[in-house]
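See below for work00.pdb, which holds PDB, C-alpha atoms and all ligand atoms.
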MODEL        1
ATOM      1  CA  MET A   1     -46.203 -56.003 -24.169
ATOM      2  CA  GLN A   2     -46.733 -52.707 -25.923
ATOM      3  CA  VAL A   3     -44.114 -50.234 -26.976
ATOM      4  CA  LEU A   4     -44.143 -46.435 -26.947
ATOM      5  CA  SER A   5     -41.379 -44.249 -28.386
ATOM      6  CA  VAL A   6     -41.102 -40.709 -27.054
ATOM      7  CA  SER A   7     -39.506 -38.651 -29.805
ATOM      8  CA  SER A   8     -38.809 -35.275 -31.264
ATOM      9  CA  LEU A   9     -36.506 -34.427 -34.126
ATOM     10  CA  LYS A  10     -35.228 -31.434 -32.161
ATOM     11  CA  GLY A  11     -33.125 -31.558 -28.980
ATOM     12  CA  GLY A  12     -33.892 -29.950 -25.642
ATOM     13  CA  VAL A  13     -37.689 -29.907 -26.012
ATOM     14  CA  GLY A  14     -38.265 -32.174 -23.012
ATOM     15  CA  LYS A  15     -38.354 -35.604 -24.603
ATOM     16  CA  THR A  16     -36.533 -37.291 -21.748
ATOM     17  CA  THR A  17     -38.551 -35.359 -19.165
ATOM     18  CA  ILE A  18     -41.856 -36.470 -20.704
ATOM     19  CA  ALA A  19     -40.675 -40.067 -21.152
ATOM     20  CA  LEU A  20     -39.649 -40.188 -17.475
ATOM     21  CA  GLY A  21     -43.011 -38.702 -16.443
ATOM     22  CA  ILE A  22     -44.830 -41.455 -18.325
ATOM     23  CA  ALA A  23     -42.592 -44.106 -16.749
ATOM     24  CA  SER A  24     -43.379 -42.611 -13.339
ATOM     25  CA  ALA A  25     -47.120 -42.837 -14.083
ATOM     26  CA  ALA A  26     -46.706 -46.471 -15.164
ATOM     27  CA  LEU A  27     -44.816 -47.305 -11.956
ATOM     28  CA  ASP A  28     -47.503 -45.626  -9.870
ATOM     29  CA  ARG A  29     -50.172 -47.627 -11.675
ATOM     30  CA  GLY A  30     -48.430 -50.950 -11.083
ATOM     31  CA  ILE A  31     -47.516 -51.549 -14.735
ATOM     32  CA  ASN A  32     -44.350 -53.592 -15.285
ATOM     33  CA  THR A  33     -42.245 -51.290 -17.433
ATOM     34  CA  LEU A  34     -39.006 -51.478 -19.362
ATOM     35  CA  PHE A  35     -37.389 -48.136 -20.208
ATOM     36  CA  VAL A  36     -35.077 -48.267 -23.232
ATOM     37  CA  ASP A  37     -32.565 -45.408 -23.328
ATOM     38  CA  LEU A  38     -31.611 -45.197 -26.977
ATOM     39  CA  ASP A  39     -30.296 -41.633 -26.800
ATOM     40  CA  PRO A  40     -26.459 -41.639 -26.688
ATOM     41  CA  GLN A  41     -26.700 -38.771 -24.177
ATOM     42  CA  CYS A  42     -28.071 -41.354 -21.677
ATOM     43  CA  ASP A  43     -29.978 -38.726 -19.667
ATOM     44  CA  ALA A  44     -32.849 -41.109 -18.951
ATOM     45  CA  THR A  45     -30.499 -43.755 -17.535
ATOM     46  CA  THR A  46     -29.177 -41.104 -15.137
ATOM     47  CA  GLY A  47     -32.685 -39.810 -14.384
ATOM     48  CA  LEU A  48     -33.912 -43.300 -13.482
ATOM     49  CA  ALA A  49     -30.822 -43.917 -11.349
ATOM     50  CA  ALA A  50     -29.928 -47.092 -13.190
ATOM     51  CA  VAL A  51     -26.396 -48.450 -12.882
ATOM     52  CA  ASN A  52     -25.139 -51.312 -14.981
ATOM     53  CA  ASP A  53     -22.350 -53.367 -13.392
ATOM     54  CA  TYR A  54     -21.932 -55.504 -16.483
ATOM     55  CA  SER A  55     -21.369 -52.532 -18.789
ATOM     56  CA  GLU A  56     -23.567 -54.052 -21.504
ATOM     57  CA  SER A  57     -25.914 -51.449 -22.940
ATOM     58  CA  CYS A  58     -28.273 -50.608 -25.785
ATOM     59  CA  ALA A  59     -25.194 -50.268 -27.982
ATOM     60  CA  ASP A  60     -24.258 -53.930 -27.425
ATOM     61  CA  VAL A  61     -27.866 -55.017 -27.924
ATOM     62  CA  LEU A  62     -28.050 -53.205 -31.251
ATOM     63  CA  SER A  63     -24.760 -54.771 -32.339
ATOM     64  CA  SER A  64     -25.958 -58.227 -31.379
ATOM     65  CA  PRO A  65     -29.419 -58.772 -29.889
ATOM     66  CA  ARG A  66     -28.611 -62.182 -28.407
ATOM     67  CA  PRO A  67     -30.667 -63.108 -25.324
ATOM     68  CA  ASN A  68     -27.697 -63.063 -22.922
ATOM     69  CA  ILE A  69     -26.652 -59.595 -24.093
ATOM     70  CA  VAL A  70     -30.231 -58.294 -23.932
ATOM     71  CA  ARG A  71     -30.573 -59.532 -20.352
ATOM     72  CA  LYS A  72     -27.216 -58.115 -19.248
ATOM     73  CA  SER A  73     -28.123 -54.701 -20.652
ATOM     74  CA  ILE A  74     -31.239 -54.495 -18.463
ATOM     75  CA  VAL A  75     -30.983 -53.383 -14.829
ATOM     76  CA  GLU A  76     -33.371 -52.384 -12.101
ATOM     77  CA  ALA A  77     -33.909 -48.626 -11.726
ATOM     78  CA  LYS A  78     -33.544 -47.223  -8.219
ATOM     79  CA  TRP A  79     -37.025 -45.799  -8.783
ATOM     80  CA  GLN A  80     -38.400 -49.262  -8.152
ATOM     81  CA  ARG A  81     -37.766 -49.125  -4.383
ATOM     82  CA  GLN A  82     -40.965 -49.750  -2.427
ATOM     83  CA  HIS A  83     -43.050 -50.334  -5.531
ATOM     84  CA  PRO A  84     -44.689 -53.673  -6.260
ATOM     85  CA  SER A  85     -44.275 -53.383 -10.044
ATOM     86  CA  LYS A  86     -41.054 -53.417 -12.072
ATOM     87  CA  ILE A  87     -39.238 -50.485 -13.598
ATOM     88  CA  HIS A  88     -36.201 -51.792 -15.428
ATOM     89  CA  VAL A  89     -33.868 -49.973 -17.810
ATOM     90  CA  MET A  90     -32.055 -51.110 -20.931
ATOM     91  CA  VAL A  91     -29.236 -48.720 -20.198
ATOM     92  CA  GLY A  92     -28.001 -46.086 -22.596
ATOM     93  CA  SER A  93     -24.444 -45.629 -23.773
ATOM     94  CA  THR A  94     -22.492 -43.015 -25.691
ATOM     95  CA  ARG A  95     -21.364 -46.003 -27.771
ATOM     96  CA  SER A  96     -24.849 -46.144 -29.309
ATOM     97  CA  LEU A  97     -23.479 -43.517 -31.705
ATOM     98  CA  MET A  98     -21.193 -46.204 -33.141
ATOM     99  CA  VAL A  99     -24.154 -48.374 -34.165
ATOM    100  CA  ASP A 100     -25.907 -45.418 -35.737
ATOM    101  CA  ASN A 101     -25.173 -46.518 -39.300
ATOM    102  CA  PRO A 102     -26.136 -43.768 -41.813
ATOM    103  CA  GLN A 103     -27.352 -46.461 -44.230
ATOM    104  CA  PRO A 104     -28.769 -49.156 -41.991
ATOM    105  CA  THR A 105     -29.730 -52.528 -43.424
ATOM    106  CA  LEU A 106     -33.185 -53.939 -42.793
ATOM    107  CA  GLY A 107     -31.664 -56.424 -40.373
ATOM    108  CA  GLU A 108     -30.137 -53.595 -38.334
ATOM    109  CA  LEU A 109     -33.419 -51.679 -38.270
ATOM    110  CA  TRP A 110     -35.229 -54.701 -36.772
ATOM    111  CA  ARG A 111     -32.708 -55.391 -34.014
ATOM    112  CA  LEU A 112     -34.503 -53.652 -31.166
ATOM    113  CA  GLU A 113     -37.699 -55.481 -32.078
ATOM    114  CA  GLN A 114     -35.730 -58.708 -32.000
ATOM    115  CA  ALA A 115     -34.214 -57.792 -28.629
ATOM    116  CA  LEU A 116     -37.600 -56.919 -27.140
ATOM    117  CA  SER A 117     -38.981 -60.276 -28.225
ATOM    118  CA  VAL A 118     -36.570 -61.844 -25.729
ATOM    119  CA  VAL A 119     -38.357 -60.116 -22.823
ATOM    120  CA  GLU A 120     -41.824 -60.014 -24.390
ATOM    121  CA  ASP A 121     -43.548 -61.750 -21.483
ATOM    122  CA  GLU A 122     -41.759 -59.847 -18.720
ATOM    123  CA  TYR A 123     -43.122 -56.333 -19.217
ATOM    124  CA  ASP A 124     -46.496 -54.811 -20.030
ATOM    125  CA  LEU A 125     -45.104 -51.547 -21.351
ATOM    126  CA  VAL A 126     -41.859 -50.424 -22.983
ATOM    127  CA  VAL A 127     -41.005 -46.712 -23.121
ATOM    128  CA  ILE A 128     -38.187 -45.732 -25.503
ATOM    129  CA  ASP A 129     -36.353 -42.407 -25.259
ATOM    130  CA  THR A 130     -34.980 -41.724 -28.743
ATOM    131  CA  PRO A 131     -32.226 -39.403 -30.047
ATOM    132  CA  PRO A 132     -33.280 -35.959 -31.330
ATOM    133  CA  SER A 133     -32.926 -36.727 -35.045
ATOM    134  CA  LEU A 134     -34.240 -39.081 -37.673
ATOM    135  CA  ASN A 135     -31.171 -41.299 -37.537
ATOM    136  CA  ALA A 136     -30.969 -45.081 -37.635
ATOM    137  CA  LEU A 137     -31.419 -45.306 -33.840
ATOM    138  CA  THR A 138     -34.714 -43.427 -34.016
ATOM    139  CA  ARG A 139     -35.921 -45.563 -36.933
ATOM    140  CA  THR A 140     -34.920 -48.710 -35.053
ATOM    141  CA  ALA A 141     -36.988 -47.508 -32.087
ATOM    142  CA  TRP A 142     -40.019 -46.675 -34.227
ATOM    143  CA  ILE A 143     -39.934 -50.008 -36.031
ATOM    144  CA  ALA A 144     -40.096 -51.732 -32.641
ATOM    145  CA  SER A 145     -42.944 -49.475 -31.468
ATOM    146  CA  ASP A 146     -46.715 -49.550 -31.532
ATOM    147  CA  ARG A 147     -47.045 -45.813 -30.988
ATOM    148  CA  VAL A 148     -44.895 -42.675 -31.030
ATOM    149  CA  LEU A 149     -45.526 -39.715 -28.776
ATOM    150  CA  VAL A 150     -43.954 -36.620 -30.334
ATOM    151  CA  VAL A 151     -42.871 -33.853 -27.961
ATOM    152  CA  SER A 152     -42.908 -30.277 -29.228
ATOM    153  CA  GLU A 153     -42.251 -26.868 -27.779
ATOM    154  CA  PRO A 154     -44.484 -24.077 -29.064
ATOM    155  CA  SER A 155     -41.664 -22.641 -31.180
ATOM    156  CA  PHE A 156     -41.094 -22.426 -34.923
ATOM    157  CA  PHE A 157     -38.314 -25.019 -35.270
ATOM    158  CA  SER A 158     -40.052 -27.409 -32.949
ATOM    159  CA  VAL A 159     -43.342 -27.217 -34.860
ATOM    160  CA  VAL A 160     -41.481 -27.883 -38.127
ATOM    161  CA  ALA A 161     -39.751 -30.856 -36.476
ATOM    162  CA  ALA A 162     -43.087 -32.259 -35.221
ATOM    163  CA  ASP A 163     -44.499 -32.100 -38.749
ATOM    164  CA  ARG A 164     -41.432 -33.873 -40.118
ATOM    165  CA  ALA A 165     -41.656 -36.558 -37.442
ATOM    166  CA  SER A 166     -45.314 -37.189 -38.203
ATOM    167  CA  LYS A 167     -44.595 -37.639 -41.936
ATOM    168  CA  ALA A 168     -41.651 -39.948 -41.237
ATOM    169  CA  ILE A 169     -43.782 -42.089 -38.898
ATOM    170  CA  ASP A 170     -46.424 -42.444 -41.626
ATOM    171  CA  GLU A 171     -43.784 -43.469 -44.118
ATOM    172  CA  ILE A 172     -42.260 -46.115 -41.858
ATOM    173  CA  SER A 173     -45.706 -47.411 -40.986
ATOM    174  CA  THR A 174     -46.615 -47.758 -44.665
ATOM    175  CA  LYS A 175     -43.345 -49.250 -45.826
ATOM    176  CA  LEU A 176     -42.119 -51.309 -42.918
ATOM    177  CA  SER A 177     -44.169 -51.681 -39.771
ATOM    178  CA  PRO A 178     -47.950 -51.324 -40.161
ATOM    179  CA  ARG A 179     -48.731 -51.431 -36.452
ATOM    180  CA  LEU A 180     -46.726 -48.190 -35.963
ATOM    181  CA  ALA A 181     -48.772 -45.000 -35.586
ATOM    182  CA  LEU A 182     -48.414 -41.508 -34.198
ATOM    183  CA  HIS A 183     -50.192 -41.412 -30.838
ATOM    184  CA  GLY A 184     -50.115 -37.656 -30.699
ATOM    185  CA  VAL A 185     -48.130 -34.501 -30.070
ATOM    186  CA  VAL A 186     -47.602 -33.247 -26.543
ATOM    187  CA  VAL A 187     -46.732 -29.591 -26.000
ATOM    188  CA  ASN A 188     -44.029 -28.845 -23.452
ATOM    189  CA  ARG A 189     -42.619 -25.663 -21.889
ATOM    190  CA  LEU A 190     -45.663 -23.605 -22.810
ATOM    191  CA  ARG A 191     -45.796 -20.006 -21.569
ATOM    192  CA  GLU A 192     -49.413 -18.973 -21.879
ATOM    193  CA  SER A 193     -48.510 -15.288 -21.552
ATOM    194  CA  SER A 194     -46.383 -15.478 -24.701
ATOM    195  CA  ASP A 195     -48.062 -14.421 -27.963
ATOM    196  CA  GLU A 196     -45.497 -16.379 -29.945
ATOM    197  CA  HIS A 197     -46.234 -19.547 -27.943
ATOM    198  CA  ASN A 198     -49.987 -19.121 -28.436
ATOM    199  CA  TYR A 199     -49.495 -18.595 -32.161
ATOM    200  CA  ARG A 200     -47.383 -21.765 -32.455
ATOM    201  CA  LEU A 201     -49.890 -23.647 -30.319
ATOM    202  CA  SER A 202     -52.684 -22.716 -32.735
ATOM    203  CA  GLU A 203     -50.456 -23.894 -35.606
ATOM    204  CA  LEU A 204     -49.993 -27.236 -33.870
ATOM    205  CA  ARG A 205     -53.765 -27.458 -33.317
ATOM    206  CA  GLU A 206     -54.352 -26.864 -37.013
ATOM    207  CA  MET A 207     -51.734 -29.410 -38.057
ATOM    208  CA  PHE A 208     -52.588 -32.200 -35.659
ATOM    209  CA  GLY A 209     -56.253 -31.667 -34.709
ATOM    210  CA  GLU A 210     -57.318 -34.398 -32.274
ATOM    211  CA  LYS A 211     -53.770 -35.689 -32.132
ATOM    212  CA  LEU A 212     -52.724 -32.613 -30.172
ATOM    213  CA  ILE A 213     -52.692 -34.021 -26.671
ATOM    214  CA  HIS A 214     -54.083 -32.431 -23.520
ATOM    215  CA  PRO A 215     -52.977 -31.350 -21.026
ATOM    216  CA  HIS A 216     -50.078 -29.195 -22.235
ATOM    217  CA  PHE A 217     -47.033 -28.839 -19.984
ATOM    218  CA  ALA A 218     -46.085 -25.357 -18.871
ATOM    219  CA  GLU A 219     -42.566 -24.281 -17.906
ATOM    220  CA  ARG A 220     -42.208 -25.808 -14.393
ATOM    221  CA  SER A 221     -39.095 -25.826 -12.225
ATOM    222  CA  THR A 222     -40.562 -28.828 -10.351
ATOM    223  CA  LEU A 223     -39.925 -30.973 -13.427
ATOM    224  CA  GLN A 224     -36.269 -29.932 -13.455
ATOM    225  CA  GLN A 225     -35.939 -30.548  -9.723
ATOM    226  CA  ALA A 226     -37.489 -34.022  -9.853
ATOM    227  CA  THR A 227     -35.340 -35.034 -12.841
ATOM    228  CA  GLY A 228     -32.227 -33.603 -11.173
ATOM    229  CA  ALA A 229     -32.933 -35.576  -8.006
ATOM    230  CA  ALA A 230     -33.528 -38.785 -10.033
ATOM    231  CA  THR A 231     -36.958 -39.044  -8.409
ATOM    232  CA  PRO A 232     -40.231 -40.063 -10.056
ATOM    233  CA  ILE A 233     -42.579 -37.088 -10.286
ATOM    234  CA  HIS A 234     -45.241 -39.175  -8.508
ATOM    235  CA  SER A 235     -43.014 -39.201  -5.411
ATOM    236  CA  TRP A 236     -42.233 -35.481  -5.478
ATOM    237  CA  PRO A 237     -43.642 -33.938  -2.320
ATOM    238  CA  SER A 238     -45.405 -30.779  -3.481
ATOM    239  CA  GLU A 239     -48.711 -29.606  -4.894
ATOM    240  CA  ALA A 240     -46.984 -28.773  -8.202
ATOM    241  CA  GLY A 241     -45.559 -32.320  -8.284
ATOM    242  CA  ALA A 242     -49.034 -33.785  -7.702
ATOM    243  CA  ASP A 243     -50.480 -31.659 -10.542
ATOM    244  CA  LEU A 244     -47.771 -32.832 -12.920
ATOM    245  CA  ALA A 245     -48.245 -36.449 -11.812
ATOM    246  CA  ARG A 246     -51.955 -36.179 -12.696
ATOM    247  CA  ALA A 247     -51.062 -34.784 -16.128
ATOM    248  CA  PHE A 248     -48.757 -37.755 -16.795
ATOM    249  CA  ASP A 249     -51.479 -40.163 -15.533
ATOM    250  CA  SER A 250     -53.823 -38.715 -18.107
ATOM    251  CA  ILE A 251     -51.265 -39.020 -20.921
ATOM    252  CA  LEU A 252     -50.502 -42.622 -19.965
ATOM    253  CA  SER A 253     -54.227 -43.461 -19.931
ATOM    254  CA  GLY A 254     -54.583 -42.014 -23.434
ATOM    255  CA  VAL A 255     -51.582 -43.997 -24.704
ATOM    256  CA  LEU A 256     -52.850 -47.251 -23.178
ATOM    257  CA  SER A 257     -56.349 -46.906 -24.562
ATOM    258  CA  ASP A 258     -54.983 -45.979 -27.998
ATOM    259  CA  MET A 259     -52.761 -49.079 -27.953
ATOM    260  CA  LYS A 260     -55.654 -51.262 -26.819
ATOM    261  CA  SER A 261     -57.746 -50.104 -29.770
ATOM    262  CA  THR A 262     -55.555 -52.144 -32.123
ATOM    263  CA  SER A 263     -54.970 -55.852 -31.815
ATOM    264  CA  GLN A 264     -51.788 -56.895 -30.049
ATOM    265  CA  VAL A 265     -49.172 -58.453 -32.271
ATOM    266  CA  LYS A 266     -46.594 -60.739 -30.772
ATOM    267  CA  ARG A 267     -43.070 -59.476 -31.240
ATOM    268  CA  ALA A 268     -41.190 -61.493 -33.844
ATOM    269  CA  ARG A 269     -38.204 -63.426 -32.649
ATOM    270  CA  THR A 270     -37.476 -65.446 -35.747
ATOM    271  CA  GLY A 271     -38.290 -65.355 -39.440
ATOM    272  CA  SER A 272     -37.247 -62.982 -42.159
ATOM    273  CA  SER A 273     -37.412 -59.204 -42.050
ATOM    274  CA  ILE A 274     -40.281 -59.295 -44.492
ATOM    275  CA  GLU A 275     -42.231 -61.725 -42.324
ATOM    276  CA  ARG A 276     -41.653 -59.440 -39.374
ATOM    277  CA  ALA A 277     -42.914 -56.473 -41.360
ATOM    278  CA  ILE A 278     -46.129 -58.080 -42.424
ATOM    279  CA  ARG A 279     -46.996 -59.969 -39.280
ATOM    280  CA  GLY A 280     -50.645 -59.683 -38.450
ATOM    281  CA  VAL A 281     -51.454 -58.122 -41.800
ATOM    282  CA  ALA A 282     -52.608 -59.736 -45.040
ATOM    283  CA  LYS A 283     -49.717 -60.094 -47.460
ATOM    284  CA  GLU A 284     -51.733 -58.562 -50.329
ATOM    285  CA  THR A 285     -51.707 -55.237 -48.486
ATOM    286  CA  PHE A 286     -47.986 -55.170 -49.075
ATOM    287  CA  SER A 287     -47.868 -55.827 -52.767
ATOM    288  CA  GLY A 288     -46.312 -52.394 -53.316
ATOM    289  CA  LEU A 289     -43.702 -52.817 -50.634
ATOM    290  CA  GLU A 290     -40.167 -52.145 -51.781
ATOM    291  CA  LEU A 291     -37.539 -53.441 -49.439
ATOM    292  CA  GLU A 292     -33.836 -53.096 -49.886
ATOM    293  CA  GLU A 293     -31.917 -56.297 -49.500
ATOM    294  CA  GLU A 294     -29.094 -56.506 -47.031
ATOM    295  CA  PRO A 295     -25.581 -56.419 -48.489
ATOM    296  CA  LYS A 296     -24.428 -59.857 -49.655
ATOM    297  CA  ALA A 297     -21.459 -60.074 -47.290
ATOM    298  CA  LYS A 298     -23.668 -59.620 -44.264
ATOM    299  CA  LYS A 299     -26.308 -61.942 -45.665
ATOM    300  CA  SER A 300     -24.150 -65.015 -45.612
ATOM    301  CA  SER A 301     -22.845 -64.415 -42.096
ATOM    302  CA  ARG A 302     -26.416 -64.155 -40.826
ATOM    303  CA  LYS A 303     -27.734 -67.177 -42.643
ATOM    304  CA  SER A 304     -26.973 -69.524 -39.793
ATOM    305  CA  ARG A 305     -29.045 -67.415 -37.427
ATOM    306  CA  GLY A 306     -32.050 -67.642 -39.728
ATOM    307  CA  ARG A 307     -32.475 -63.872 -39.893
ATOM    308  CA  ARG A 308     -31.817 -63.391 -43.597
ATOM    309  CA  ALA A 309     -34.481 -61.565 -45.556
ATOM    310  CA  ARG A 310     -36.010 -63.830 -48.163
ATOM    311  CA  SER A 311     -36.148 -62.406 -51.606
TER     312      SER A 311
HETATM  313  N1  LIG B   1     -41.870 -28.239 -18.713
HETATM  314  C1  LIG B   1     -40.618 -27.948 -18.341
HETATM  315  N2  LIG B   1     -40.384 -26.931 -17.474
HETATM  316  C2  LIG B   1     -39.145 -26.617 -17.104
HETATM  317  N3  LIG B   1     -38.041 -27.259 -17.521
HETATM  318  C3  LIG B   1     -38.192 -28.280 -18.387
HETATM  319  C4  LIG B   1     -39.474 -28.685 -18.828
HETATM  320  N4  LIG B   1     -39.311 -29.729 -19.679
HETATM  321  C5  LIG B   1     -37.993 -29.968 -19.748
HETATM  322  N5  LIG B   1     -37.312 -29.094 -18.970
HETATM  323  C6  LIG B   1     -35.850 -28.997 -18.808
HETATM  324  O1  LIG B   1     -35.282 -28.710 -20.074
HETATM  325  C7  LIG B   1     -34.056 -29.392 -20.253
HETATM  326  C8  LIG B   1     -34.155 -30.269 -21.500
HETATM  327  O2  LIG B   1     -35.143 -31.265 -21.265
HETATM  328  P1  LIG B   1     -34.916 -32.763 -21.728
HETATM  329  O3  LIG B   1     -36.073 -33.553 -21.232
HETATM  330  O4  LIG B   1     -33.559 -33.227 -21.343
HETATM  331  O5  LIG B   1     -35.012 -32.562 -23.303
HETATM  332  P2  LIG B   1     -34.608 -33.553 -24.505
HETATM  333  O6  LIG B   1     -34.637 -34.933 -23.964
HETATM  334  O7  LIG B   1     -35.652 -33.294 -25.536
HETATM  335  O8  LIG B   1     -33.253 -33.129 -24.956
HETATM  336  C9  LIG B   1     -33.832 -30.179 -18.983
HETATM  337  O9  LIG B   1     -33.000 -29.415 -18.150
HETATM  338  C10 LIG B   1     -35.220 -30.296 -18.373
HETATM  339  O10 LIG B   1     -35.174 -30.401 -16.961
HETATM  340 MG    MG B   2     -33.083 -36.317 -23.831
ENDMDL
END

The structure in this file should be written as structure tokens.
Ligand SMILES: Nc1ncnc2c1ncn2[C@@H]1O[C@H](COP(=O)(O)OP(=O)(O)O)[C@@H](O)[C@H]1O
Ligand SMILES: [Mg+2]
Amino acid sequence: MQVLSVSSLKGGVGKTTIALGIASAALDRGINTLFVDLDPQCDATTGLAAVNDYSESCADVLSSPRPNIVRKSIVEAKWQRQHPSKIHVMVGSTRSLMVDNPQPTLGELWRLEQALSVVEDEYDLVVIDTPPSLNALTRTAWIASDRVLVVSEPSFFSVVAADRASKAIDEISTKLSPRLALHGVVVNRLRESSDEHNYRLSELREMFGEKLIHPHFAERSTLQQATGAATPIHSWPSEAGADLARAFDSILSGVLSDMKSTSQVKRARTGSSIERAIRGVAKETFSGLELEEEPKAKKSSRKSRGRRARS
């Protein structure tokens, strides 16, 4: 199972739209996929037409990633109809805001990873839609991820946000989760006739070089229509839909081959936070690692579950 976060530190750039496009490509390709909707706006849950009768959600999973809660939070998306492979959703909730602790402990930051370990053998790919800021939810998603795809519009604030995201990913990779890497930056809502857009595009090219992903996505009403109708773009009956579907196929292929280039590391279900951080990597590499300990009060209550960080 490999995990991709789709992120941007700015809202409204098309993060959910791109994440759904990639999920649609995975469904079309027969890849068993779990979509995790970590954004409290829950747009992806709506876009995938996923309804949860049990009312457990990402918020409950992040409060307590016990196997029964993880399983109750996952439902089948209506997208799955007539497809041989799975597209399931760990449903979003506005209550995710409540678990967005401004000073998260290490244990909290590893909870999604822990939750995903419960379903490790059931999916080939996990796509996470993250909130539009560098909050604890986004960090939790990145720590559970192999790769991050950053979405950017060709606009000033969006370019600045993409740069910030890239630096933050590097930092988390160095300090906490070495398998994490930026896959690349995808440009959305490009208007090729706009001088400003072309200028910002050249800035992105300079900043990210080979990590600037092709193809770019132009402003397309078809994307809005497909999302609004809760329909995978691969099932949208138009030439424009088919073009977009091919673009998402190409992005998915790039993500999969990038993920394959590094060895797969089994998700950690047990052990300390530090063991989780260094899995698959020689301990010496982490001699400079500084990890905050969890507050004492929380430490003792977690002891029985064997999740306490060893000092
Ligand atoms: N390439 C595009 N062309 C036209 N509309 C788009 C495009 N990408 C996204 N949108 C629309 O822009 C709005 C914001 O996109 P969304 O994916 O929800 O952004 P985010 O998740 O980053 O907040 C939505 O209404 C979406 O349909
Ligand atoms: Mg969104």

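Nearest residue to ligand LIG 1 (chain B) among A:Ile74, A:Cys58, A:Cys42, A:Val36 is A:Cys42, counting only C-alpha atoms and all ligand atoms.
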
For this session: Compute the set of protein, DNA and RNA residues whose minimum atom distance to ligand LIG 1 (chain B) is at most 8 Å, using all atoms listed in the file, and state it as a ChimeraX atom specification.
Result: /A:7-8,10-19,43,129,131-132,151,188-190,217-225,227-228

For this session: Give me the result of the PyMOL selection byres (((chain A and resi 242) around 12) and not hetatm) on this file, residue by residue, as number ranges by chain.
Result: A: 21, 24-25, 222-223, 226, 232-241, 243-249

Problem set entry | Answer key for the PyMOL selection byres (((chain A and resi 168-185) around 7) and not hetatm), residues as an MDAnalysis selection string | chainID A and resid 143 145:152 164:167 186:187 211:213 255 277 289

For this session: Record the distance separating CA of Leu38 in chain A and CA of Pro65 in chain A, expressed in Å with one decimal.
Result: 14.1 Å

With 8 Å added on each side, what axis-aligned box encloses every listed atom of range 222-241 of chain A? Give the centre and edge lengths in Å to one decimal, as JSON.
{"center_x": -40.5, "center_y": -34.4, "center_z": -7.9, "size_x": 32.5, "size_y": 27.3, "size_z": 27.1}

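For the set A:Asp121, A:Asp39, A:Glu76, A:Glu108, the residue with the smallest atom-to-atom gap to ligand MG 2 (chain B) is A:Asp39, counting all atoms listed in the file.
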
Exercise. Residues at most 8 Å from Ser73 in chain A, counting all atoms listed in the file, excluding those fewer than 5 positions away in the same chain, as a list in words?
Worked result: Asn52, Tyr54, Ser55, Glu56, Ser57, Cys58, Asp60, Val61, Val89, Met90 and Val91 of chain A

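In terms of minimum interatomic distance to ligand MG 2 (chain B), A:Thr45 ranks closest within A:Asn101, A:Thr140, A:Asn68, A:Thr45, counting all atoms listed in the file.
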
Exercise. So which residues touch Pro84 in chain A within 10 Å, counting only C-alpha atoms, skipping near sequence neighbours fewer than 4 positions away, as a list in words?
Worked result: Leu27, Asp28, Arg29, Gly30, Ile31, Asn32 and Gln80 of chain A

File of the preceding selection, C-alpha atoms, as a PDB file, in the coordinates of the input:
ATOM      1  CA  LEU A  27     -44.816 -47.305 -11.956  1.00  0.00           C
ATOM      2  CA  ASP A  28     -47.503 -45.626  -9.870  1.00  0.00           C
ATOM      3  CA  ARG A  29     -50.172 -47.627 -11.675  1.00  0.00           C
ATOM      4  CA  GLY A  30     -48.430 -50.950 -11.083  1.00  0.00           C
ATOM      5  CA  ILE A  31     -47.516 -51.549 -14.735  1.00  0.00           C
ATOM      6  CA  ASN A  32     -44.350 -53.592 -15.285  1.00  0.00           C
ATOM      7  CA  GLN A  80     -38.400 -49.262  -8.152  1.00  0.00           C
TER       8      GLN A  80
END

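Put simply, CA of Ser5 in chain A is 11.4 Å away from CA of Leu137 in chain A.
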
Exercise. Smallest atom-to-atom distance to ligand MG 2 (chain B): which of A:Gln103, A:Thr130, A:Gln82, A:Thr94, using all atoms listed in the file?
Worked result: A:Thr130

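With all atoms listed in the file as the basis for measurement, A:Pro154 is the residue among A:Gly92, A:Pro154, A:Pro102, A:Pro67 that approaches Tyr199 in chain A most closely.
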
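Of the listed residues A:Ile128, A:Ala49, A:Gly254, A:Arg111, the one whose atoms come nearest to ligand MG 2 (chain B) is A:Ile128, with distances taken using all atoms listed in the file.
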